[in-house]
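> Dropping a structure here in structure tokens format, bear with me for questions.
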Protein chains: 2
Amino acid sequence: MRQGENVEVLIFKVLSNEVRLAIIKALFKAPMSVNEICETINEEQSRVSHELRCLTTCQFVYFKREGKKMIYELNGGTATQIINAAENHAKLFGDNIKGCNTLSSIKQKSVTLVK
Amino acid sequence: MRQGENVEVLIFKVLSNEVRLAIIKALFKAPMSVNEICETINEEQSRVSHELRCLTTCQFVYFKREGKKMIYELNGGTATQIINAAENHAKLFGDNIKGCNTLSSIKQKSVTLVK
DNA sequence: TATTCATATGTATAAATCTTCATGTGTAAT
DNA sequence: ATTACACATGAAGATTTATACATATGAATA
């Protein structure tokens, strides 16, 4: 992260990652242990643990111990709200966005709307 | 961007940048030329142009020429929806998130909620 | 208490993104 | 047609983030 970065930017950074987003979406359905998350999203355990730490720190999920397992659960509905709003944009404009190869240097090909 | 990345992740990536978010927020108020954006958010022109290209490609803004100037304008309300939802999360949990130093290796300090 | 299971953490390399500088392009005015 | 203005683009080095591997930790059970 860069210096002085604001909270909103950080929130979007957390969500702008395939694995973290997949974890959140998996937890939409139900609380799960780490292994269950790994199976659901088909990712390696240490990878998932790293991302879960990020998600708990940013309060998108919390956890509780159950014997040897850690059960992760979504924290409130804010993640859902943000993701739904993004899905709305994706629904409207997704086809254009899909063509992107890089972020800073996206190849622009007559994708601009003009009123 | 990584291979096969989905549209939602890309949308969040676009928003997870100080300058791009600042541009969008500047355009909340009114359509502006590139120079006006530069002055408003206090950033260099080439930087702003690069980020505007990203924003137009992803359909958050569009533009029209007016003489020598290019006037940039927000495209619909989806950006506002997404940002408002993020602000909602920030309002609830921002204090914890602020403590973060890096993204993948956030230092976790008893920030976890337990029901 | 030794072992196994479930998960977390540290770290190094690879990959992506940011940022700046130099320069290119289009429009309008001289 | 030349110049100035407004903006866009290319590219490279700097910085951040992702990813994978090795290993550590805590709980339960033998």
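Each chain in the structure tokens gets a letter, A, B and so on, in the order shown; residues start at 1 in every chain, and ligands are counted from 1 in the order they appear.
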Taking only C-alpha atoms (C1' of nucleotides) into account, what are the residues of chain C at most 9 Å from chain B, put as a VMD selection string?
chain C and resid 15 to 17 19 to 20 26 to 28
> Using only C-alpha atoms (C1' of nucleotides) and a distance of at most 9 Å, pull out the residues of chain D that contact chain B, as a ChimeraX atom specification.
/D:5-9,16-18
> How many Å lie between CA of Lys91 in chain A and CA of Ala90 in chain B, rounded to one decimal?
25.0 Å
> Go ahead and align chain B to chain A (same sequence, so just pair every C-alpha in order, least squares) and export the moved chain as a compact mmCIF listing (two decimals) with C-alpha atoms, in the first residue's frame.

```
# COMPACT_ATOMS: atom_id res chain seq x y z
CA MET B 1 -0.01 -0.03 -0.14
CA ARG B 2 1.07 3.48 -0.71
CA GLN B 3 1.49 6.10 1.93
CA GLY B 4 -1.53 7.99 3.18
CA GLU B 5 -3.90 5.91 1.17
CA ASN B 6 -7.48 6.45 2.18
CA VAL B 7 -9.86 3.88 3.58
CA GLU B 8 -12.08 3.68 0.55
CA VAL B 9 -9.16 2.94 -1.74
CA LEU B 10 -8.08 0.21 0.62
CA ILE B 11 -11.55 -1.29 0.64
CA PHE B 12 -11.54 -1.45 -3.15
CA LYS B 13 -8.05 -2.91 -3.12
CA VAL B 14 -9.21 -5.69 -0.86
CA LEU B 15 -12.05 -6.50 -3.23
CA SER B 16 -9.95 -6.22 -6.38
CA ASN B 17 -8.50 -9.70 -6.14
CA GLU B 18 -9.91 -12.90 -7.57
CA VAL B 19 -9.23 -15.03 -4.54
CA ARG B 20 -10.49 -12.58 -1.95
CA LEU B 21 -13.63 -11.93 -3.93
CA ALA B 22 -14.16 -15.66 -4.38
CA ILE B 23 -13.84 -16.19 -0.62
CA ILE B 24 -16.41 -13.51 0.09
CA LYS B 25 -18.79 -15.01 -2.44
CA ALA B 26 -18.31 -18.47 -0.98
CA LEU B 27 -19.18 -17.08 2.44
CA PHE B 28 -22.35 -15.51 1.05
CA LYS B 29 -23.81 -19.01 1.15
CA ALA B 30 -22.69 -20.08 4.59
CA PRO B 31 -19.94 -19.82 7.19
CA MET B 32 -17.10 -22.24 6.45
CA SER B 33 -13.83 -23.58 7.74
CA VAL B 34 -10.61 -22.77 5.92
CA ASN B 35 -10.49 -26.19 4.30
CA GLU B 36 -14.05 -25.87 3.13
CA ILE B 37 -13.21 -22.52 1.57
CA CYS B 38 -10.18 -24.06 -0.14
CA GLU B 39 -12.32 -26.79 -1.64
CA THR B 40 -15.09 -24.43 -2.64
CA ILE B 41 -12.89 -22.01 -4.51
CA ASN B 42 -10.16 -24.50 -5.42
CA GLU B 43 -7.21 -22.70 -3.92
CA GLU B 44 -4.28 -23.68 -1.78
CA GLN B 45 -4.54 -23.42 1.99
CA SER B 46 -1.75 -20.98 2.69
CA ARG B 47 -3.00 -18.73 -0.03
CA VAL B 48 -6.49 -18.75 1.42
CA SER B 49 -5.19 -18.11 4.93
CA HIS B 50 -3.23 -15.10 3.74
CA GLU B 51 -6.26 -13.63 2.07
CA LEU B 52 -8.49 -14.41 5.03
CA ARG B 53 -6.21 -12.39 7.22
CA CYS B 54 -6.59 -9.47 4.88
CA LEU B 55 -10.36 -9.90 4.90
CA THR B 56 -10.59 -10.10 8.69
CA THR B 57 -8.38 -7.08 9.16
CA CYS B 58 -10.61 -5.10 6.89
CA GLN B 59 -13.65 -6.43 8.71
CA PHE B 60 -15.30 -8.13 5.80
CA VAL B 61 -15.24 -11.40 7.68
CA TYR B 62 -14.73 -12.58 11.22
CA PHE B 63 -13.96 -16.00 12.64
CA LYS B 64 -14.45 -18.21 15.64
CA ARG B 65 -12.64 -21.33 16.67
CA GLU B 66 -14.45 -24.64 16.72
CA GLY B 67 -12.10 -27.33 17.94
CA LYS B 68 -9.24 -27.48 15.52
CA LYS B 69 -11.14 -25.60 12.87
CA MET B 70 -11.59 -21.91 12.33
CA ILE B 71 -15.01 -20.98 11.07
CA TYR B 72 -15.10 -17.88 8.91
CA GLU B 73 -18.24 -15.87 8.44
CA LEU B 74 -19.24 -12.71 6.64
CA ASN B 75 -19.45 -9.64 8.82
CA GLY B 76 -22.69 -7.85 8.08
CA GLY B 77 -24.04 -6.90 4.72
CA THR B 78 -21.68 -4.20 3.53
CA ALA B 79 -19.65 -6.55 1.32
CA THR B 80 -22.85 -7.64 -0.36
CA GLN B 81 -23.89 -4.05 -0.97
CA ILE B 82 -20.60 -3.12 -2.55
CA ILE B 83 -20.45 -6.22 -4.71
CA ASN B 84 -24.04 -5.84 -5.84
CA ALA B 85 -23.36 -2.28 -6.91
CA ALA B 86 -20.33 -3.44 -8.87
CA GLU B 87 -22.36 -6.20 -10.49
CA ASN B 88 -24.80 -3.57 -11.59
CA HIS B 89 -22.04 -1.69 -13.38
CA ALA B 90 -20.73 -4.96 -14.82
CA LYS B 91 -24.16 -5.82 -16.15
CA LEU B 92 -24.45 -2.50 -17.94
CA PHE B 93 -20.90 -2.15 -19.27
CA GLY B 94 -19.17 -5.48 -18.75
CA ASP B 95 -18.70 -6.30 -22.40
CA ASN B 96 -16.47 -3.30 -22.95
CA ILE B 97 -14.51 -3.82 -19.79
CA LYS B 98 -13.75 -7.42 -20.69
CA GLY B 99 -11.57 -6.30 -23.57
CA CYS B 100 -9.03 -4.77 -21.20
CA ASN B 101 -5.58 -6.26 -21.09
CA THR B 102 -3.84 -4.09 -18.56
CA LEU B 103 -5.02 -1.49 -16.18
CA SER B 104 -2.84 1.57 -16.62
CA SER B 105 -2.39 1.01 -20.32
CA ILE B 106 -5.73 -0.33 -21.39
CA LYS B 107 -6.05 -0.49 -25.14
CA GLN B 108 -8.83 1.86 -26.00
CA LYS B 109 -10.99 0.96 -28.98
CA SER B 110 -13.97 3.19 -29.54
CA VAL B 111 -15.56 2.27 -26.27
CA THR B 112 -16.50 5.78 -25.33
CA LEU B 113 -20.10 6.80 -25.07
CA VAL B 114 -21.08 10.18 -26.38
CA LYS B 115 -24.40 11.66 -25.44
```
> Going by DSSP on the backbone, which residues of chain B come out as alpha helix (DSSP H)? List them as a VMD selection string.
chain B and resid 7 to 15 18 to 29 34 to 41 45 to 57 78 to 98
> Do you have the C1' of DC21 in chain C-C1' of DT15 in chain D distance handy?
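Separating C1' of DC21 in chain C from C1' of DT15 in chain D is a distance of 17.2 Å.
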> Quick one: distance from C1' of DA2 in chain C to C1' of DT23 in chain D in Å, one decimal?
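Between C1' of DA2 in chain C and C1' of DT23 in chain D the gap is 18.7 Å.
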